[in-house]
Amino acid sequence: MWRGAAAALLGLAAACLLRRGFEPRARLLSAAELRRYRGAPGEPGLYLALLGRVFDVQRGRKHYGPGGAYSGFAGRDATRAFASGDFTPAGLVDTVSGLSPAELLSIHSWLSFYSDNYEPVGKLVGRFYDENGAPTEALREVEAAIEEALKLQEQSDEKKQQFPPCNSEWSSAKGTRFWCSRESGGVRRGWAGVPRQLHRPGSQGARCVCVRSSGPPWGQPRSSRHSDRGDLDNPHLRQYEGCHPLAEQCVLLTG
């Protein structure tokens, strides 16, 4: 139940961020008007747009003004480039079709950055807002995709807590050594675990993860009846041949 509530709160937080600072009566700009805000002499200011939200980036003039490393973002909505890193004219566009969940999360992160650091000006009439300043279907689709990407990230983070990656090293003389510690995989925890191969349905190969060897399985309360083997009985795990089943390290000799 708490996971469902957390997911709901996550979606709500994402929706709040996507709309933060943009009231229904915010200033509306056309693409032609926005092009006048590239920071050149005689122009009225320095703006950029992201997902149709327009921000005053005058404070970051050295980055976004003429000659700046990100001057290509000025006076336009270049949402796609925030995810792709393509700063050519072909990449500095507002289309977001085909972006991966990780790329959508990058856009979400940049939107958070601008919302926290720059003044919102209004909305750009076009792909994401209509002439009345109302969200378009394209914007609603992107928002839904970002919320889904956030949920996937939450699930991934949760899996990393359950099965943190092993430490590993290789040498031609000694082969490959896998070992677990209370900080392996960058996940701090109160247990070290033992190395196992984790196989995911539909994926090729396996990766080394650290697995709890005592207590209840992941997600079960300590008060429940269990075998006190942690997650060792998870069906997606395989033991490394030739390694002690409860050793915190495993060495695979070079053949």
# chains A, B, ... in the order shown; residues from 1 in each chain; ligands from 1
call {"tool": "closest_atom_pairs", "arguments": {"of": "stretch 145-228 of chain A", "to": "stretch 99-103 of chain A", "cutoff": "9 Å", "atoms": "only C-alpha atoms", "output": "tab-separated table"}}
result
residue	atom	partner	partner_atom	distance
A:Ala145	CA	A:Pro101	CA	7.7
A:Ile146	CA	A:Pro101	CA	7.3
A:Glu148	CA	A:Pro101	CA	8.0
A:Ala149	CA	A:Pro101	CA	4.9
A:Leu150	CA	A:Pro101	CA	8.2
A:Leu152	CA	A:Pro101	CA	8.1
A:Gln153	CA	A:Ala102	CA	8.6
call {"tool": "select_by_dssp", "arguments": {"residues": "stretch 17-251 of chain A", "states": "helix (DSSP H, G or I)", "output": "mmCIF file with N, CA and C atoms, in the first residue's frame"}}
result
data_model
loop_
_atom_site.group_PDB
_atom_site.id
_atom_site.type_symbol
_atom_site.label_atom_id
_atom_site.label_comp_id
_atom_site.auth_asym_id
_atom_site.auth_seq_id
_atom_site.Cartn_x
_atom_site.Cartn_y
_atom_site.Cartn_z
ATOM 1 N N LEU A 17 5.765 20.106 -10.519
ATOM 2 C CA LEU A 17 6.954 20.700 -11.118
ATOM 3 C C LEU A 17 6.682 21.146 -12.543
ATOM 4 N N LEU A 18 5.984 20.319 -13.292
ATOM 5 C CA LEU A 18 5.727 20.636 -14.685
ATOM 6 C C LEU A 18 4.874 21.888 -14.835
ATOM 7 N N ARG A 19 4.136 22.255 -13.772
ATOM 8 C CA ARG A 19 3.270 23.428 -13.882
ATOM 9 C C ARG A 19 3.691 24.566 -12.965
ATOM 10 N N ALA A 31 6.419 32.229 -31.440
ATOM 11 C CA ALA A 31 7.798 31.862 -31.770
ATOM 12 C C ALA A 31 8.566 33.066 -32.309
ATOM 13 N N ALA A 32 7.877 33.915 -33.087
ATOM 14 C CA ALA A 32 8.529 35.103 -33.635
ATOM 15 C C ALA A 32 8.913 36.079 -32.526
ATOM 16 N N GLU A 33 8.051 36.237 -31.543
ATOM 17 C CA GLU A 33 8.370 37.122 -30.413
ATOM 18 C C GLU A 33 9.543 36.576 -29.610
ATOM 19 N N LEU A 34 9.551 35.279 -29.380
ATOM 20 C CA LEU A 34 10.621 34.680 -28.588
ATOM 21 C C LEU A 34 11.977 34.853 -29.268
ATOM 22 N N GLN A 58 18.666 36.012 -18.279
ATOM 23 C CA GLN A 58 19.618 37.109 -18.331
ATOM 24 C C GLN A 58 20.736 36.915 -17.294
ATOM 25 N N ARG A 59 20.404 36.368 -16.129
ATOM 26 C CA ARG A 59 21.403 36.133 -15.093
ATOM 27 C C ARG A 59 22.502 35.177 -15.558
ATOM 28 N N GLY A 60 22.180 34.329 -16.528
ATOM 29 C CA GLY A 60 23.165 33.399 -17.070
ATOM 30 C C GLY A 60 23.679 33.838 -18.423
ATOM 31 N N ARG A 61 23.787 35.138 -18.623
ATOM 32 C CA ARG A 61 24.144 35.689 -19.931
ATOM 33 C C ARG A 61 25.448 35.115 -20.485
ATOM 34 N N LYS A 62 26.421 34.871 -19.607
ATOM 35 C CA LYS A 62 27.706 34.366 -20.103
ATOM 36 C C LYS A 62 27.550 32.975 -20.727
ATOM 37 N N HIS A 63 26.498 32.261 -20.343
ATOM 38 C CA HIS A 63 26.243 30.943 -20.921
ATOM 39 C C HIS A 63 25.307 30.997 -22.117
ATOM 40 N N TYR A 64 24.252 31.847 -22.023
ATOM 41 C CA TYR A 64 23.193 31.841 -23.027
ATOM 42 C C TYR A 64 23.237 33.017 -23.995
ATOM 43 N N SER A 71 24.376 29.438 -26.305
ATOM 44 C CA SER A 71 23.637 30.519 -26.979
ATOM 45 C C SER A 71 22.592 29.979 -27.945
ATOM 46 N N GLY A 72 22.778 28.752 -28.420
ATOM 47 C CA GLY A 72 21.814 28.170 -29.349
ATOM 48 C C GLY A 72 20.444 27.933 -28.728
ATOM 49 N N PHE A 73 20.389 27.903 -27.389
ATOM 50 C CA PHE A 73 19.106 27.712 -26.715
ATOM 51 C C PHE A 73 18.303 29.005 -26.626
ATOM 52 N N THR A 79 13.826 21.930 -26.523
ATOM 53 C CA THR A 79 13.663 20.885 -25.515
ATOM 54 C C THR A 79 14.442 19.615 -25.847
ATOM 55 N N ARG A 80 14.410 19.196 -27.085
ATOM 56 C CA ARG A 80 15.060 17.927 -27.438
ATOM 57 C C ARG A 80 16.561 17.954 -27.146
ATOM 58 N N ALA A 81 17.203 19.092 -27.383
ATOM 59 C CA ALA A 81 18.645 19.187 -27.186
ATOM 60 C C ALA A 81 19.036 19.023 -25.726
ATOM 61 N N PHE A 82 18.128 19.363 -24.803
ATOM 62 C CA PHE A 82 18.425 19.180 -23.386
ATOM 63 C C PHE A 82 18.601 17.708 -23.050
ATOM 64 N N ALA A 83 17.992 16.838 -23.832
ATOM 65 C CA ALA A 83 18.110 15.403 -23.607
ATOM 66 C C ALA A 83 19.163 14.765 -24.497
ATOM 67 N N SER A 84 19.240 15.205 -25.747
ATOM 68 C CA SER A 84 20.112 14.553 -26.720
ATOM 69 C C SER A 84 21.534 15.096 -26.721
ATOM 70 N N PRO A 101 13.213 6.807 -21.622
ATOM 71 C CA PRO A 101 12.891 7.253 -20.265
ATOM 72 C C PRO A 101 14.022 8.044 -19.618
ATOM 73 N N ALA A 102 15.278 7.629 -19.838
ATOM 74 C CA ALA A 102 16.414 8.353 -19.260
ATOM 75 C C ALA A 102 16.504 9.762 -19.832
ATOM 76 N N GLU A 103 16.218 9.912 -21.106
ATOM 77 C CA GLU A 103 16.264 11.239 -21.729
ATOM 78 C C GLU A 103 15.121 12.114 -21.229
ATOM 79 N N LEU A 104 13.965 11.521 -21.029
ATOM 80 C CA LEU A 104 12.844 12.275 -20.467
ATOM 81 C C LEU A 104 13.157 12.733 -19.045
ATOM 82 N N LEU A 105 13.859 11.903 -18.287
ATOM 83 C CA LEU A 105 14.259 12.300 -16.942
ATOM 84 C C LEU A 105 15.246 13.456 -16.989
ATOM 85 N N SER A 106 16.078 13.501 -18.019
ATOM 86 C CA SER A 106 17.001 14.614 -18.185
ATOM 87 C C SER A 106 16.232 15.913 -18.403
ATOM 88 N N ILE A 107 15.193 15.862 -19.219
ATOM 89 C CA ILE A 107 14.354 17.040 -19.439
ATOM 90 C C ILE A 107 13.702 17.473 -18.138
ATOM 91 N N HIS A 108 13.197 16.509 -17.390
ATOM 92 C CA HIS A 108 12.568 16.804 -16.101
ATOM 93 C C HIS A 108 13.562 17.480 -15.159
ATOM 94 N N SER A 109 14.796 16.992 -15.153
ATOM 95 C CA SER A 109 15.829 17.566 -14.290
ATOM 96 C C SER A 109 16.146 19.002 -14.699
ATOM 97 N N TRP A 110 16.242 19.249 -16.001
ATOM 98 C CA TRP A 110 16.511 20.610 -16.472
ATOM 99 C C TRP A 110 15.350 21.549 -16.152
ATOM 100 N N LEU A 111 14.139 21.044 -16.262
ATOM 101 C CA LEU A 111 12.984 21.877 -15.933
ATOM 102 C C LEU A 111 13.032 22.273 -14.458
ATOM 103 N N SER A 112 13.416 21.341 -13.608
ATOM 104 C CA SER A 112 13.574 21.639 -12.191
ATOM 105 C C SER A 112 14.656 22.691 -11.976
ATOM 106 N N PHE A 113 15.759 22.565 -12.714
ATOM 107 C CA PHE A 113 16.861 23.533 -12.592
ATOM 108 C C PHE A 113 16.413 24.944 -12.951
ATOM 109 N N TYR A 114 15.733 25.087 -14.080
ATOM 110 C CA TYR A 114 15.303 26.428 -14.494
ATOM 111 C C TYR A 114 14.227 26.981 -13.572
ATOM 112 N N SER A 115 13.344 26.113 -13.099
ATOM 113 C CA SER A 115 12.298 26.573 -12.185
ATOM 114 C C SER A 115 12.894 27.077 -10.879
ATOM 115 N N ASP A 116 14.002 26.477 -10.461
ATOM 116 C CA ASP A 116 14.633 26.861 -9.205
ATOM 117 C C ASP A 116 15.576 28.058 -9.341
ATOM 118 N N ASN A 117 16.099 28.289 -10.543
ATOM 119 C CA ASN A 117 17.170 29.275 -10.684
ATOM 120 C C ASN A 117 16.855 30.479 -11.569
ATOM 121 N N GLU A 137 -2.425 18.552 -26.322
ATOM 122 C CA GLU A 137 -2.343 17.101 -26.150
ATOM 123 C C GLU A 137 -0.887 16.650 -26.148
ATOM 124 N N ALA A 138 -0.044 17.321 -26.936
ATOM 125 C CA ALA A 138 1.379 16.976 -26.972
ATOM 126 C C ALA A 138 2.021 17.150 -25.606
ATOM 127 N N LEU A 139 1.667 18.224 -24.901
ATOM 128 C CA LEU A 139 2.223 18.446 -23.564
ATOM 129 C C LEU A 139 1.717 17.399 -22.588
ATOM 130 N N ARG A 140 0.438 17.085 -22.662
ATOM 131 C CA ARG A 140 -0.103 16.079 -21.753
ATOM 132 C C ARG A 140 0.574 14.728 -21.972
ATOM 133 N N GLU A 141 0.880 14.412 -23.213
ATOM 134 C CA GLU A 141 1.556 13.147 -23.504
ATOM 135 C C GLU A 141 2.968 13.133 -22.918
ATOM 136 N N VAL A 142 3.678 14.256 -23.041
ATOM 137 C CA VAL A 142 5.035 14.331 -22.490
ATOM 138 C C VAL A 142 4.992 14.232 -20.971
ATOM 139 N N GLU A 143 4.057 14.931 -20.347
ATOM 140 C CA GLU A 143 3.940 14.876 -18.890
ATOM 141 C C GLU A 143 3.678 13.452 -18.413
ATOM 142 N N ALA A 144 2.799 12.741 -19.133
ATOM 143 C CA ALA A 144 2.493 11.362 -18.757
ATOM 144 C C ALA A 144 3.727 10.479 -18.922
ATOM 145 N N ALA A 145 4.496 10.714 -19.991
ATOM 146 C CA ALA A 145 5.703 9.922 -20.233
ATOM 147 C C ALA A 145 6.760 10.194 -19.172
ATOM 148 N N ILE A 146 6.881 11.449 -18.741
ATOM 149 C CA ILE A 146 7.841 11.789 -17.695
ATOM 150 C C ILE A 146 7.443 11.147 -16.375
ATOM 151 N N GLU A 147 6.165 11.178 -16.058
ATOM 152 C CA GLU A 147 5.708 10.540 -14.822
ATOM 153 C C GLU A 147 5.971 9.042 -14.852
ATOM 154 N N GLU A 148 5.800 8.420 -16.002
ATOM 155 C CA GLU A 148 6.081 6.993 -16.125
ATOM 156 C C GLU A 148 7.577 6.731 -15.966
ATOM 157 N N ALA A 149 8.411 7.612 -16.537
ATOM 158 C CA ALA A 149 9.863 7.475 -16.400
ATOM 159 C C ALA A 149 10.285 7.608 -14.938
ATOM 160 N N LEU A 150 9.632 8.498 -14.196
ATOM 161 C CA LEU A 150 9.933 8.659 -12.774
ATOM 162 C C LEU A 150 9.575 7.404 -11.989
ATOM 163 N N LYS A 151 8.463 6.771 -12.357
ATOM 164 C CA LYS A 151 8.073 5.528 -11.691
ATOM 165 C C LYS A 151 9.086 4.422 -11.978
ATOM 166 N N LEU A 152 9.549 4.345 -13.224
ATOM 167 C CA LEU A 152 10.546 3.344 -13.580
ATOM 168 C C LEU A 152 11.845 3.580 -12.822
ATOM 169 N N GLN A 153 12.204 4.848 -12.659
ATOM 170 C CA GLN A 153 13.412 5.180 -11.898
ATOM 171 C C GLN A 153 13.268 4.755 -10.441
ATOM 172 N N GLU A 154 12.091 4.986 -9.883
ATOM 173 C CA GLU A 154 11.843 4.593 -8.497
ATOM 174 C C GLU A 154 11.964 3.079 -8.347
ATOM 175 N N GLN A 155 11.420 2.334 -9.304
ATOM 176 C CA GLN A 155 11.507 0.879 -9.255
ATOM 177 C C GLN A 155 12.951 0.417 -9.384
ATOM 178 N N SER A 156 13.708 1.085 -10.261
ATOM 179 C CA SER A 156 15.115 0.737 -10.440
ATOM 180 C C SER A 156 15.912 1.001 -9.171
ATOM 181 N N ASP A 157 15.642 2.146 -8.534
ATOM 182 C CA ASP A 157 16.337 2.476 -7.288
ATOM 183 C C ASP A 157 16.004 1.462 -6.198
ATOM 184 N N GLU A 158 14.742 1.022 -6.188
ATOM 185 C CA GLU A 158 14.328 0.048 -5.187
ATOM 186 C C GLU A 158 15.031 -1.282 -5.415
ATOM 187 N N LYS A 159 15.152 -1.698 -6.687
ATOM 188 C CA LYS A 159 15.845 -2.941 -7.005
ATOM 189 C C LYS A 159 17.319 -2.856 -6.633
ATOM 190 N N LYS A 160 17.912 -1.662 -6.811
ATOM 191 C CA LYS A 160 19.318 -1.493 -6.458
ATOM 192 C C LYS A 160 19.514 -1.604 -4.962
ATOM 193 N N GLN A 161 18.502 -1.194 -4.183
ATOM 194 C CA GLN A 161 18.573 -1.368 -2.743
ATOM 195 C C GLN A 161 18.477 -2.844 -2.373
ATOM 196 N N GLN A 162 17.657 -3.587 -3.099
ATOM 197 C CA GLN A 162 17.514 -5.008 -2.821
ATOM 198 C C GLN A 162 18.736 -5.789 -3.269
ATOM 199 N N SER A 184 29.268 -1.547 -1.268
ATOM 200 C CA SER A 184 29.482 -1.949 -2.658
ATOM 201 C C SER A 184 28.337 -1.482 -3.535
ATOM 202 N N GLY A 185 28.675 -1.126 -4.748
ATOM 203 C CA GLY A 185 27.676 -0.616 -5.672
ATOM 204 C C GLY A 185 27.222 0.789 -5.353
ATOM 205 N N GLY A 186 27.903 1.446 -4.400
ATOM 206 C CA GLY A 186 27.505 2.799 -4.015
ATOM 207 C C GLY A 186 26.253 2.838 -3.163
#
call {"tool": "select_by_dssp", "arguments": {"residues": "stretch 105-250 of chain A", "states": "strand (DSSP E)", "output": "PyMOL selection string"}}
result
chain A and resi 119-124+167-171+175-179+194-198+207-211+237-238+249-250
call {"tool": "closest_residue", "arguments": {"among": "A:Phe178, A:Phe163, A:Tyr70, A:Tyr129", "to": "A:Arg212", "atoms": "only C-alpha atoms"}}
result
A:Phe163
